[in-house]
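Listing of input-v9.cif; format and content: mmCIF, C-alpha atoms and all ligand atoms.
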```cif
data_model
#
loop_
_atom_site.label_atom_id
_atom_site.label_comp_id
_atom_site.auth_asym_id
_atom_site.auth_seq_id
_atom_site.Cartn_x
_atom_site.Cartn_y
_atom_site.Cartn_z
CA MET O 1 0.00 0.00 0.00
CA ILE O 2 1.19 3.51 -0.83
CA LYS O 3 0.37 5.99 1.96
CA VAL O 4 -0.52 9.52 0.86
CA LEU O 5 -1.28 12.74 2.74
CA VAL O 6 -3.16 15.49 0.89
CA THR O 7 -3.12 18.99 2.44
CA GLY O 8 -5.55 21.73 1.41
CA ALA O 9 -8.10 18.94 1.00
CA LYS O 10 -11.14 21.22 0.88
CA GLY O 11 -9.75 23.42 -1.88
CA GLN O 12 -10.26 22.92 -5.61
CA LEU O 13 -7.40 20.53 -6.26
CA GLY O 14 -7.70 18.64 -2.97
CA SER O 15 -11.42 18.08 -3.62
CA SER O 16 -10.74 17.00 -7.22
CA ILE O 17 -8.19 14.44 -6.00
CA LYS O 18 -10.63 13.16 -3.38
CA ALA O 19 -13.34 12.69 -6.01
CA MET O 20 -11.06 10.36 -8.00
CA ILE O 21 -9.43 8.09 -5.45
CA SER O 22 -11.82 5.15 -5.78
CA ALA O 23 -9.99 4.13 -8.97
CA PHE O 24 -6.70 3.80 -7.04
CA ASN O 25 -7.18 0.90 -4.58
CA GLU O 26 -3.48 0.28 -4.03
CA VAL O 27 -3.16 3.70 -2.36
CA THR O 28 -4.48 4.88 1.04
CA PHE O 29 -5.24 8.56 1.42
CA GLU O 30 -5.51 10.93 4.34
CA PHE O 31 -7.08 14.30 3.50
CA ILE O 32 -6.44 17.24 5.81
CA ASP O 33 -7.38 20.90 5.79
CA ILE O 34 -7.12 23.67 8.37
CA GLU O 35 -9.54 21.94 10.82
CA GLU O 36 -7.33 18.83 11.04
CA LEU O 37 -3.98 20.65 10.92
CA ASP O 38 -3.57 24.43 10.82
CA LEU O 39 -0.41 24.94 8.81
CA PHE O 40 0.10 28.29 10.54
CA ASP O 41 0.64 26.34 13.77
CA LEU O 42 4.26 25.18 13.58
CA ASP O 43 4.11 23.20 16.86
CA ALA O 44 1.06 21.31 15.61
CA ILE O 45 2.92 20.46 12.38
CA GLU O 46 5.87 19.08 14.34
CA LEU O 47 3.62 16.94 16.52
CA PHE O 48 1.59 15.72 13.52
CA PHE O 49 4.66 14.43 11.69
CA LYS O 50 6.13 12.87 14.85
CA GLU O 51 3.04 10.69 14.86
CA ASN O 52 2.58 10.17 11.11
CA GLU O 53 4.74 9.20 8.13
CA TYR O 54 3.79 8.97 4.46
CA ASP O 55 5.18 7.79 1.14
CA TYR O 56 3.84 10.95 -0.54
CA ILE O 57 2.67 14.35 0.60
CA VAL O 58 0.58 16.24 -1.96
CA ASN O 59 0.62 19.86 -0.87
CA CYS O 60 -2.53 21.53 -2.19
CA ALA O 61 -2.67 24.10 0.62
CA ALA O 62 -1.69 27.61 -0.43
CA TYR O 63 -2.49 31.29 -0.08
CA THR O 64 -4.39 31.68 -3.38
CA ASN O 65 -6.15 35.03 -3.01
CA VAL O 66 -3.94 36.93 -5.45
CA ASP O 67 -5.26 40.43 -4.66
CA LYS O 68 -5.43 39.98 -0.86
CA ALA O 69 -1.84 38.68 -0.79
CA GLU O 70 -0.64 42.16 -1.83
CA SER O 71 -1.55 43.49 1.64
CA ASP O 72 -1.27 40.26 3.66
CA ILE O 73 2.33 39.52 2.73
CA GLU O 74 3.34 37.76 5.97
CA ASN O 75 0.63 35.11 5.73
CA ALA O 76 1.17 34.61 1.99
CA GLU O 77 4.92 34.16 2.68
CA LEU O 78 4.26 31.63 5.42
CA LEU O 79 1.80 29.48 3.49
CA ASN O 80 3.45 29.69 0.06
CA GLN O 81 7.12 29.66 1.06
CA GLY O 82 7.54 28.78 4.76
CA ILE O 83 5.26 25.74 4.81
CA PRO O 84 6.64 24.16 1.60
CA SER O 85 10.10 24.58 3.11
CA ILE O 86 9.06 22.83 6.34
CA LEU O 87 7.25 20.06 4.43
CA ALA O 88 10.34 19.53 2.26
CA LYS O 89 12.53 19.14 5.37
CA ILE O 90 10.07 16.62 6.82
CA CYS O 91 9.99 14.75 3.49
CA ALA O 92 13.79 14.64 3.40
CA SER O 93 13.97 13.17 6.91
CA GLN O 94 11.13 10.66 6.40
CA LYS O 95 12.02 9.61 2.82
CA THR O 96 8.72 10.98 1.53
CA VAL O 97 8.10 12.24 -2.00
CA LEU O 98 6.64 15.76 -2.05
CA ILE O 99 4.24 16.74 -4.81
CA HIS O 100 3.81 20.49 -4.73
CA ILE O 101 1.81 22.84 -6.97
CA SER O 102 3.07 26.15 -8.29
CA THR O 103 1.82 28.74 -10.72
CA ASP O 104 2.16 30.49 -14.09
CA PHE O 105 2.17 33.75 -12.08
CA VAL O 106 5.93 33.24 -11.47
CA PHE O 107 6.33 34.71 -14.99
CA ASP O 108 6.03 38.37 -15.95
CA GLY O 109 4.35 37.86 -19.31
CA SER O 110 6.99 39.62 -21.38
CA VAL O 111 7.80 36.50 -23.46
CA LYS O 112 4.95 35.77 -25.86
CA GLU O 113 5.58 32.09 -26.56
CA PRO O 114 4.85 29.01 -24.41
CA LEU O 115 7.08 29.07 -21.35
CA ASN O 116 9.48 26.25 -20.48
CA GLU O 117 10.56 25.12 -17.02
CA ASN O 118 13.97 26.79 -17.39
CA ASP O 119 12.64 30.14 -18.66
CA LEU O 120 13.43 33.15 -16.51
CA VAL O 121 10.90 33.92 -13.78
CA ASN O 122 10.01 37.43 -12.68
CA PRO O 123 6.82 37.44 -10.60
CA LEU O 124 4.73 40.61 -10.69
CA SER O 125 2.67 39.91 -7.56
CA VAL O 126 3.23 38.90 -3.92
CA TYR O 127 1.40 35.65 -4.70
CA GLY O 128 3.70 34.87 -7.66
CA LYS O 129 6.82 35.84 -5.71
CA THR O 130 5.95 33.75 -2.65
CA LYS O 131 5.02 30.75 -4.82
CA PHE O 132 8.39 30.98 -6.57
CA GLU O 133 10.16 31.19 -3.20
CA GLY O 134 8.26 28.03 -2.21
CA GLU O 135 9.64 26.23 -5.26
CA GLU O 136 13.18 27.32 -4.43
CA ALA O 137 12.86 26.26 -0.79
CA ILE O 138 11.75 22.76 -1.83
CA LYS O 139 14.61 22.40 -4.34
CA LYS O 140 17.07 23.38 -1.61
CA GLU O 141 15.84 20.83 0.94
CA LEU O 142 14.81 17.81 -1.10
CA GLU O 143 15.63 15.67 -4.14
CA SER O 144 12.45 13.58 -4.27
CA TYR O 145 9.97 16.27 -5.35
CA PHE O 146 7.57 16.98 -8.17
CA ILE O 147 6.77 20.67 -8.53
CA LEU O 148 3.89 21.02 -10.98
CA ARG O 149 3.39 24.57 -12.22
CA THR O 150 -0.14 25.03 -13.49
CA SER O 151 -2.40 27.90 -14.57
CA TRP O 152 -5.93 29.27 -14.35
CA LEU O 153 -7.26 26.31 -12.33
CA TYR O 154 -11.03 25.79 -12.21
CA SER O 155 -13.28 23.01 -10.99
CA GLU O 156 -16.68 22.18 -9.57
CA TYR O 157 -15.30 23.04 -6.10
CA GLY O 158 -14.25 26.13 -4.15
CA ASN O 159 -13.71 29.51 -5.78
CA ASN O 160 -12.66 29.94 -9.36
CA PHE O 161 -13.20 32.07 -12.46
CA VAL O 162 -15.79 29.73 -14.06
CA LYS O 163 -17.96 29.70 -10.96
CA THR O 164 -17.58 33.48 -10.58
CA MET O 165 -18.66 34.03 -14.19
CA LEU O 166 -21.69 31.72 -13.88
CA ARG O 167 -22.73 33.46 -10.66
CA LEU O 168 -22.32 36.97 -12.10
CA GLY O 169 -23.97 35.90 -15.37
CA LYS O 170 -27.20 35.04 -13.55
CA ASP O 171 -27.77 38.65 -12.46
CA ASN O 172 -26.07 40.58 -15.27
CA ASP O 173 -26.71 40.49 -18.99
CA LYS O 174 -23.40 42.24 -19.64
CA LEU O 175 -19.95 41.72 -18.05
CA ARG O 176 -16.61 43.39 -18.71
CA VAL O 177 -13.68 40.96 -18.86
CA ILE O 178 -9.98 41.45 -19.55
CA SER O 179 -8.92 40.47 -23.08
CA ASP O 180 -5.20 41.32 -22.99
CA GLN O 181 -4.03 38.62 -20.54
CA PHE O 182 -3.40 35.26 -22.22
CA GLY O 183 -2.99 31.86 -20.61
CA THR O 184 -4.48 28.37 -20.47
CA PRO O 185 -7.37 27.31 -18.25
CA THR O 186 -6.72 24.02 -16.45
CA TYR O 187 -9.39 21.66 -15.16
CA ALA O 188 -8.37 20.60 -11.65
CA SER O 189 -9.58 17.03 -12.35
CA ASP O 190 -7.06 16.74 -15.21
CA LEU O 191 -4.27 17.82 -12.87
CA ALA O 192 -5.58 15.50 -10.12
CA GLU O 193 -5.41 12.55 -12.51
CA ILE O 194 -1.78 13.29 -13.33
CA ILE O 195 -0.88 13.50 -9.64
CA LEU O 196 -2.62 10.19 -8.94
CA ASN O 197 -0.85 8.53 -11.87
CA ILE O 198 2.54 9.78 -10.68
CA ILE O 199 1.82 8.23 -7.27
CA SER O 200 0.32 4.93 -8.39
CA SER O 201 3.14 4.32 -10.89
CA ARG O 202 5.75 5.37 -8.28
CA ASN O 203 7.25 7.57 -10.97
CA SER O 204 10.72 8.76 -9.96
CA ASN O 205 11.44 11.32 -12.71
CA PHE O 206 11.54 14.00 -10.03
CA GLY O 207 11.75 17.68 -10.92
CA LEU O 208 9.88 20.80 -12.02
CA TYR O 209 7.13 20.37 -14.64
CA HIS O 210 4.65 22.63 -16.40
CA PHE O 211 1.11 21.35 -16.77
CA SER O 212 -2.04 23.02 -18.08
CA ASN O 213 -4.66 21.96 -20.57
CA ASN O 214 -3.84 22.47 -24.27
CA GLY O 215 -4.35 25.68 -26.20
CA GLU O 216 -4.60 29.29 -25.08
CA THR O 217 -7.14 32.03 -24.60
CA SER O 218 -7.73 35.29 -22.74
CA TRP O 219 -9.91 35.70 -19.64
CA HIS O 220 -12.43 37.23 -22.06
CA GLY O 221 -12.30 34.12 -24.29
CA PHE O 222 -12.56 31.90 -21.20
CA ALA O 223 -15.67 33.78 -20.00
CA LYS O 224 -17.32 33.71 -23.44
CA LYS O 225 -16.76 29.96 -23.82
CA THR O 226 -18.15 29.37 -20.30
CA PHE O 227 -21.39 31.24 -21.11
CA ASN O 228 -21.64 29.56 -24.48
CA LEU O 229 -21.36 26.08 -22.88
CA ALA O 230 -23.83 27.03 -20.14
CA GLN O 231 -26.19 28.44 -22.79
CA LEU O 232 -26.41 31.72 -20.92
CA ASP O 233 -27.08 34.83 -22.97
CA VAL O 234 -24.49 37.21 -21.46
CA THR O 235 -22.64 39.87 -23.44
CA VAL O 236 -18.94 39.79 -22.54
CA GLU O 237 -17.32 43.13 -23.29
CA PRO O 238 -13.54 42.90 -23.87
CA ILE O 239 -11.54 45.37 -21.76
CA SER O 240 -7.82 46.01 -21.23
CA SER O 241 -6.03 45.29 -17.93
CA SER O 242 -5.79 49.04 -17.29
CA GLU O 243 -9.58 49.26 -17.29
CA TYR O 244 -9.94 46.69 -14.47
CA VAL O 245 -8.81 47.90 -11.06
CA SER O 246 -7.15 45.21 -8.93
CA ALA O 247 -4.49 45.17 -6.22
CA ALA O 248 -2.20 42.64 -7.94
CA THR O 249 -0.65 42.85 -11.39
CA ARG O 250 -1.17 39.70 -13.49
CA PRO O 251 1.08 38.58 -16.37
CA LYS O 252 -0.11 39.50 -19.88
CA TYR O 253 1.04 36.12 -21.18
CA SER O 254 1.60 32.93 -19.15
CA VAL O 255 0.93 29.99 -21.48
CA LEU O 256 2.96 27.01 -20.23
CA SER O 257 4.80 24.66 -22.59
CA LYS O 258 3.99 21.04 -21.82
CA SER O 259 6.85 19.49 -23.85
CA LYS O 260 8.73 18.25 -20.78
CA ILE O 261 5.80 16.63 -18.96
CA ARG O 262 4.62 15.03 -22.22
CA SER O 263 7.97 13.45 -22.98
CA GLU O 264 9.22 12.60 -19.46
CA LEU O 265 5.96 11.49 -17.84
CA GLY O 266 4.27 10.25 -21.03
CA ILE O 267 1.15 12.31 -20.45
CA GLU O 268 -1.68 13.00 -22.92
CA ILE O 269 -3.24 16.44 -22.55
CA VAL O 270 -6.83 17.48 -23.29
CA ASP O 271 -7.78 20.78 -25.02
CA TRP O 272 -8.91 23.43 -22.52
CA ASP O 273 -12.39 23.88 -24.03
CA ASN O 274 -13.13 20.12 -23.98
CA SER O 275 -12.37 19.94 -20.27
CA LEU O 276 -14.32 23.14 -19.63
CA ALA O 277 -17.35 21.52 -21.28
CA LYS O 278 -17.18 18.65 -18.75
CA CYS O 279 -16.93 20.98 -15.78
CA VAL O 280 -19.73 23.32 -16.92
CA LYS O 281 -21.98 20.30 -17.51
CA ASN O 282 -21.32 19.07 -13.96
CA LEU O 283 -21.92 22.54 -12.53
CA MET O 284 -25.24 22.85 -14.40
CA LEU O 285 -26.32 19.38 -13.15
CA ASP O 286 -25.58 20.45 -9.56
CA GLN O 287 -27.93 23.44 -9.75
N1 LIG U 301 -6.43 28.46 -8.23
C1 LIG U 301 -5.68 28.64 -9.31
O1 LIG U 301 -6.10 29.25 -10.31
C2 LIG U 301 -4.29 28.10 -9.35
C3 LIG U 301 -3.73 27.46 -8.26
N2 LIG U 301 -2.43 27.04 -8.29
C4 LIG U 301 -1.85 26.34 -7.14
O2 LIG U 301 -2.51 25.09 -7.04
C5 LIG U 301 -2.63 24.70 -5.67
C6 LIG U 301 -4.07 24.34 -5.36
O3 LIG U 301 -4.88 25.49 -5.63
P1 LIG U 301 -6.44 25.51 -5.30
O4 LIG U 301 -6.92 24.13 -5.09
O5 LIG U 301 -7.08 26.37 -6.32
O6 LIG U 301 -6.41 26.29 -3.93
P2 LIG U 301 -7.61 26.58 -2.93
O7 LIG U 301 -7.46 27.98 -2.46
O8 LIG U 301 -8.89 26.14 -3.55
O9 LIG U 301 -7.30 25.56 -1.74
C7 LIG U 301 -6.30 25.80 -0.79
C8 LIG U 301 -6.73 25.11 0.48
O10 LIG U 301 -5.73 25.35 1.49
C9 LIG U 301 -6.42 25.66 2.69
N3 LIG U 301 -5.64 26.42 3.65
C10 LIG U 301 -5.49 27.77 3.71
N4 LIG U 301 -4.81 28.11 4.81
C11 LIG U 301 -4.51 26.96 5.47
C12 LIG U 301 -3.85 26.66 6.68
N5 LIG U 301 -3.33 27.62 7.45
N6 LIG U 301 -3.75 25.38 7.07
C13 LIG U 301 -4.28 24.39 6.32
N7 LIG U 301 -4.91 24.60 5.14
C14 LIG U 301 -5.04 25.88 4.73
C15 LIG U 301 -7.60 26.49 2.20
O11 LIG U 301 -8.56 26.66 3.21
P3 LIG U 301 -9.46 28.01 3.19
O12 LIG U 301 -10.26 27.95 1.93
O13 LIG U 301 -10.27 27.86 4.44
O14 LIG U 301 -8.50 29.16 3.21
C16 LIG U 301 -8.05 25.66 1.02
O15 LIG U 301 -8.92 24.63 1.41
C17 LIG U 301 -2.05 25.87 -4.86
O16 LIG U 301 -0.71 25.59 -4.56
C18 LIG U 301 -2.12 27.05 -5.83
O17 LIG U 301 -1.12 28.00 -5.56
C19 LIG U 301 -1.64 27.20 -9.40
C20 LIG U 301 -2.15 27.81 -10.51
C21 LIG U 301 -3.53 28.27 -10.60
C1 LIG U 302 -14.45 38.69 -11.95
C2 LIG U 302 -13.73 39.34 -13.11
C3 LIG U 302 -12.39 39.12 -13.31
N1 LIG U 302 -11.74 39.71 -14.35
C4 LIG U 302 -10.32 39.45 -14.56
C5 LIG U 302 -9.38 39.81 -13.43
C6 LIG U 302 -8.21 38.88 -13.63
O1 LIG U 302 -7.27 39.46 -14.53
C7 LIG U 302 -8.83 37.67 -14.29
C8 LIG U 302 -8.97 36.46 -13.37
O2 LIG U 302 -9.51 36.89 -12.16
P1 LIG U 302 -9.65 35.96 -10.89
O3 LIG U 302 -9.54 36.85 -9.72
O4 LIG U 302 -10.85 35.10 -11.04
O5 LIG U 302 -8.45 34.98 -11.01
P2 LIG U 302 -6.99 35.05 -10.37
O6 LIG U 302 -7.12 34.92 -8.93
O7 LIG U 302 -6.21 36.15 -10.90
O8 LIG U 302 -6.47 33.68 -11.01
C9 LIG U 302 -5.18 33.26 -10.71
O9 LIG U 302 -5.23 32.56 -9.48
C10 LIG U 302 -3.97 32.13 -9.02
C11 LIG U 302 -4.20 31.38 -7.72
C12 LIG U 302 -3.16 31.45 -10.03
O10 LIG U 302 -2.22 30.72 -9.70
C13 LIG U 302 -3.31 31.84 -11.47
O11 LIG U 302 -2.95 30.80 -12.36
C14 LIG U 302 -4.68 32.35 -11.81
O12 LIG U 302 -5.61 31.29 -11.97
O13 LIG U 302 -10.13 38.06 -14.75
C15 LIG U 302 -12.43 40.53 -15.24
O14 LIG U 302 -11.83 41.08 -16.19
N2 LIG U 302 -13.77 40.77 -15.06
C16 LIG U 302 -14.45 40.20 -14.02
O15 LIG U 302 -15.69 40.44 -13.87
#
```

I'd like the structure from this file rewritten - as structure tokens, please.
Ligand SMILES: NC(=O)C1=CN([C@@H]2O[C@H](COP(=O)(O)OP(=O)(O)OC[C@H]3O[C@@H](n4cnc5c(N)ncnc54)[C@H](OP(=O)(O)O)[C@@H]3O)[C@@H](O)[C@H]2O)C=CC1
Ligand SMILES: Cc1cn([C@H]2C[C@H](O)[C@@H](COP(=O)(O)OP(=O)(O)O[C@H]3O[C@@H](C)C(=O)[C@@H](O)[C@H]3O)O2)c(=O)[nH]c1=O
Amino acid sequence: MIKVLVTGAKGQLGSSIKAMISAFNEVTFEFIDIEELDLFDLDAIELFFKENEYDYIVNCAAYTNVDKAESDIENAELLNQGIPSILAKICASQKTVLIHISTDFVFDGSVKEPLNENDLVNPLSVYGKTKFEGEEAIKKELESYFILRTSWLYSEYGNNFVKTMLRLGKDNDKLRVISDQFGTPTYASDLAEIILNIISSRNSNFGLYHFSNNGETSWHGFAKKTFNLAQLDVTVEPISSSEYVSAATRPKYSVLSKSKIRSELGIEIVDWDNSLAKCVKNLMLDQ
């Protein structure tokens, strides 16, 4: 039996992993969120890992409110950099593989072609900076890690752009959405499946990988496709980033190249709009 701990279990990715585990009977899972272990409580973390050891830790916990992080730097630092560092040290001492998730927001958007794992990072936001520091801390402490950088994650769970659009679209026949930031939406279930396959195959090609769905669009294109799939008649007006006031600056371009994960982990990747269709269908069924 492979023993796995999943942190951030009630978030989008944690919930998507949980929804899929029945297909993996050779693995036992323990799902924890803040109620079971508050990652801000360093004594509680120490005690928890004195009593528990795992083959894998999948760290889905993070400070993901990009705008709030701009004014709540200390907490963003702790959750996105400090905790990954501590988890990496624990993994090193307990011979555990750490699977950690990072973000396209480590890039500044100045390069307008799909970004590789060794491309220069230059985060524009506190969120992006602290996530990059988390990556570096893990690399320093541990060899047996997978860091999966992904982008524009959405799912049936938690908070995300698709759910925000569907909620706003119910009460508004017109929305203004940014059309000069380009990236790739990623269905959390597609990422969850990759994580579960890495674990169940005991893959040991450790390292940093980019993963998103295939293709690219803008937030405007993402919103339009969402309404189209949900058959909601909402006019989506394209606006520039300068017309949308927000605390954090987002990259204008953050499409991730999947060449490395395709060749080294042998992964097949679905087009972003096909996966979005699945998620929107599930969300409509839940209503
Ligand atoms: N969302 C996105 O668009 C993207 C996300 N990522 C990365 O993917 C990973 C998963 O993201 P996602 O699933 O969307 O994140 P979520 O924000 O949905 O989930 C994070 C979870 O961590 C929990 N958490 C927060 N603080 C603590 C704490 N002190 N102790 C224990 N748990 C805590 C949250 O609880 P609570 O909700 O109560 O705060 C939440 O359940 C993250 O590393 C994120 O940076 C990468 C690219 C895109
Ligand atoms: C709600 C809304 C957002 N927007 C814009 C603002 C922003 O540029 C973009 C997305 O806004 P959101 O706040 O939903 O998403 P945001 O939190 O910026 O999403 C990011 O989250 C972190 C965690 C990541 O790692 C990134 O990959 C990315 O997914 O859409 C509009 O233009 N109009 C709107 O009505």

Give me the chain O side of the contact with ligand LIG 301 (chain U), cut-off 9 Å, one line per residue showing its nearest atom pair and distance in Å at one decimal, counting all atoms listed in the file, sorted by chain and residue number, as JSON lines.
```
{"residue": "O:Thr7", "atom": "CA", "partner": "U:LIG301", "partner_atom": "N7", "distance": 6.5}
{"residue": "O:Gly8", "atom": "CA", "partner": "U:LIG301", "partner_atom": "O10", "distance": 3.6}
{"residue": "O:Ala9", "atom": "CA", "partner": "U:LIG301", "partner_atom": "O15", "distance": 5.8}
{"residue": "O:Lys10", "atom": "CA", "partner": "U:LIG301", "partner_atom": "O15", "distance": 4.1}
{"residue": "O:Gly11", "atom": "CA", "partner": "U:LIG301", "partner_atom": "O9", "distance": 3.3}
{"residue": "O:Gln12", "atom": "CA", "partner": "U:LIG301", "partner_atom": "O4", "distance": 3.6}
{"residue": "O:Leu13", "atom": "CA", "partner": "U:LIG301", "partner_atom": "O4", "distance": 3.8}
{"residue": "O:Gly14", "atom": "CA", "partner": "U:LIG301", "partner_atom": "O4", "distance": 5.9}
{"residue": "O:Ser15", "atom": "CA", "partner": "U:LIG301", "partner_atom": "O4", "distance": 7.7}
{"residue": "O:Ser16", "atom": "CA", "partner": "U:LIG301", "partner_atom": "O4", "distance": 8.4}
{"residue": "O:Ile32", "atom": "CA", "partner": "U:LIG301", "partner_atom": "C13", "distance": 7.5}
{"residue": "O:Asp33", "atom": "CA", "partner": "U:LIG301", "partner_atom": "N7", "distance": 4.5}
{"residue": "O:Ile34", "atom": "CA", "partner": "U:LIG301", "partner_atom": "C13", "distance": 3.6}
{"residue": "O:Glu35", "atom": "CA", "partner": "U:LIG301", "partner_atom": "C13", "distance": 7.3}
{"residue": "O:Glu36", "atom": "CA", "partner": "U:LIG301", "partner_atom": "C13", "distance": 7.9}
{"residue": "O:Leu37", "atom": "CA", "partner": "U:LIG301", "partner_atom": "C13", "distance": 5.9}
{"residue": "O:Asp38", "atom": "CA", "partner": "U:LIG301", "partner_atom": "N6", "distance": 3.9}
{"residue": "O:Leu39", "atom": "CA", "partner": "U:LIG301", "partner_atom": "N6", "distance": 3.8}
{"residue": "O:Phe40", "atom": "CA", "partner": "U:LIG301", "partner_atom": "N5", "distance": 4.7}
{"residue": "O:Asp41", "atom": "CA", "partner": "U:LIG301", "partner_atom": "N5", "distance": 7.6}
{"residue": "O:Asn59", "atom": "CA", "partner": "U:LIG301", "partner_atom": "O16", "distance": 6.9}
{"residue": "O:Cys60", "atom": "CA", "partner": "U:LIG301", "partner_atom": "C6", "distance": 4.5}
{"residue": "O:Ala61", "atom": "CA", "partner": "U:LIG301", "partner_atom": "O10", "distance": 3.4}
{"residue": "O:Ala62", "atom": "CA", "partner": "U:LIG301", "partner_atom": "O16", "distance": 4.7}
{"residue": "O:Tyr63", "atom": "CA", "partner": "U:LIG301", "partner_atom": "C10", "distance": 6.0}
{"residue": "O:Thr64", "atom": "CA", "partner": "U:LIG301", "partner_atom": "O7", "distance": 4.9}
{"residue": "O:Asn65", "atom": "CA", "partner": "U:LIG301", "partner_atom": "O7", "distance": 7.2}
{"residue": "O:Asn75", "atom": "CA", "partner": "U:LIG301", "partner_atom": "N5", "distance": 8.6}
{"residue": "O:Leu78", "atom": "CA", "partner": "U:LIG301", "partner_atom": "N5", "distance": 8.8}
{"residue": "O:Leu79", "atom": "CA", "partner": "U:LIG301", "partner_atom": "N5", "distance": 6.7}
{"residue": "O:Asn80", "atom": "CA", "partner": "U:LIG301", "partner_atom": "O17", "distance": 7.4}
{"residue": "O:His100", "atom": "CA", "partner": "U:LIG301", "partner_atom": "O16", "distance": 6.8}
{"residue": "O:Ile101", "atom": "CA", "partner": "U:LIG301", "partner_atom": "O16", "distance": 4.4}
{"residue": "O:Ser102", "atom": "CA", "partner": "U:LIG301", "partner_atom": "C19", "distance": 5.0}
{"residue": "O:Thr103", "atom": "CA", "partner": "U:LIG301", "partner_atom": "C19", "distance": 4.0}
{"residue": "O:Asp104", "atom": "CA", "partner": "U:LIG301", "partner_atom": "C20", "distance": 6.2}
{"residue": "O:Phe105", "atom": "CA", "partner": "U:LIG301", "partner_atom": "C20", "distance": 7.5}
{"residue": "O:Tyr127", "atom": "CA", "partner": "U:LIG301", "partner_atom": "O17", "distance": 8.1}
{"residue": "O:Gly128", "atom": "CA", "partner": "U:LIG301", "partner_atom": "O17", "distance": 8.7}
{"residue": "O:Lys131", "atom": "CA", "partner": "U:LIG301", "partner_atom": "O17", "distance": 6.8}
{"residue": "O:Leu148", "atom": "CA", "partner": "U:LIG301", "partner_atom": "C19", "distance": 8.4}
{"residue": "O:Arg149", "atom": "CA", "partner": "U:LIG301", "partner_atom": "C19", "distance": 6.3}
{"residue": "O:Thr150", "atom": "CA", "partner": "U:LIG301", "partner_atom": "C20", "distance": 4.5}
{"residue": "O:Ser151", "atom": "CA", "partner": "U:LIG301", "partner_atom": "C20", "distance": 4.1}
{"residue": "O:Trp152", "atom": "CA", "partner": "U:LIG301", "partner_atom": "O1", "distance": 4.0}
{"residue": "O:Leu153", "atom": "CA", "partner": "U:LIG301", "partner_atom": "O1", "distance": 3.8}
{"residue": "O:Tyr154", "atom": "CA", "partner": "U:LIG301", "partner_atom": "O1", "distance": 6.3}
{"residue": "O:Ser155", "atom": "CA", "partner": "U:LIG301", "partner_atom": "O5", "distance": 8.5}
{"residue": "O:Tyr157", "atom": "CA", "partner": "U:LIG301", "partner_atom": "O8", "distance": 7.6}
{"residue": "O:Gly158", "atom": "CA", "partner": "U:LIG301", "partner_atom": "O8", "distance": 5.4}
{"residue": "O:Asn159", "atom": "CA", "partner": "U:LIG301", "partner_atom": "O8", "distance": 6.3}
{"residue": "O:Asn160", "atom": "CA", "partner": "U:LIG301", "partner_atom": "N1", "distance": 6.5}
{"residue": "O:Phe161", "atom": "CA", "partner": "U:LIG301", "partner_atom": "O1", "distance": 7.9}
{"residue": "O:Pro185", "atom": "CA", "partner": "U:LIG301", "partner_atom": "O1", "distance": 8.3}
{"residue": "O:Thr186", "atom": "CA", "partner": "U:LIG301", "partner_atom": "C21", "distance": 7.9}
{"residue": "O:Ala188", "atom": "CA", "partner": "U:LIG301", "partner_atom": "O4", "distance": 7.6}
{"residue": "O:Ser212", "atom": "CA", "partner": "U:LIG301", "partner_atom": "C20", "distance": 9.0}
```

Discussion item. Between atom C12 of ligand LIG 302 (chain U) and CA of Gln81 in chain O, what is the distance in Å, rounded to a tenth?
Written reply: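 These two atoms are separated by 15.2 Å.
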
Where's the centre, and what are the edge lengths in Å to one decimal, of a box along x, y and z enclosing all listed atoms of ligand LIG 302 (chain U) padded 3 Å per side, as lines of an AutoDock Vina configuration file?
```
center_x = -9.0
center_y = 35.9
center_z = -12.0
size_x = 19.5
size_y = 16.4
size_z = 14.5
```

Item to complete: Would you work out the distance separating CA of Ile57 in chain O from CA of Pro123 in chain O, expressed in Å to one decimal?
Response: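 Answer for the CA of Ile57 in chain O to CA of Pro123 in chain O separation: 26.0 Å.
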
Fill in: Length of the CA of Val270 in chain O to atom O7 of ligand LIG 302 (chain U) vector [Å]
22.4 Å

Item to complete: Could you tell me which of O:Ser189, O:Asn228, O:Ser218, O:Ser240 comes closest to Ile17 in chain O if we count all atoms listed in the file?
Response: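 Among the listed residues, O:Ser189 lies closest to Ile17 in chain O.
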
Fill in: O:Ile199, O:Val236, O:Val111, O:Ala76 ranked by distance to Met1 in chain O, top pick (using only C-alpha atoms)
O:Ile199

In the coordinates of the file, take the point (1.6, 10.3, -14.8) and a cut-off of 8 Å; then, counting only C-alpha atoms, name each qualifying protein, DNA or RNA residue as a compact mmCIF listing (two decimals) with C-alpha atoms, keeping the file's coordinate frame.
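Result written to point-v2.txt:
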```
# COMPACT_ATOMS: atom_id res chain seq x y z
CA GLU O 193 -5.41 12.55 -12.51
CA ILE O 194 -1.78 13.29 -13.33
CA ILE O 195 -0.88 13.50 -9.64
CA LEU O 196 -2.62 10.19 -8.94
CA ASN O 197 -0.85 8.53 -11.87
CA ILE O 198 2.54 9.78 -10.68
CA ILE O 199 1.82 8.23 -7.27
CA SER O 201 3.14 4.32 -10.89
CA ASN O 203 7.25 7.57 -10.97
CA LEU O 265 5.96 11.49 -17.84
CA GLY O 266 4.27 10.25 -21.03
CA ILE O 267 1.15 12.31 -20.45
```

Discussion item. Let me make sure I understand: among O:Lys68, O:Phe206, O:Glu264, O:Leu98, which one has the smallest atom-to-atom distance to ligand LIG 302 (chain U) if we use only C-alpha atoms and all ligand atoms?
Written reply: O:Lys68

Worksheet item: Which is closer to ligand LIG 302 (chain U) than all the others in O:Thr217, O:Asn118, O:Asn205, O:Ser110, using all atoms listed in the file?
Response: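 Closest to ligand LIG 302 (chain U), using all atoms listed in the file: O:Thr217.
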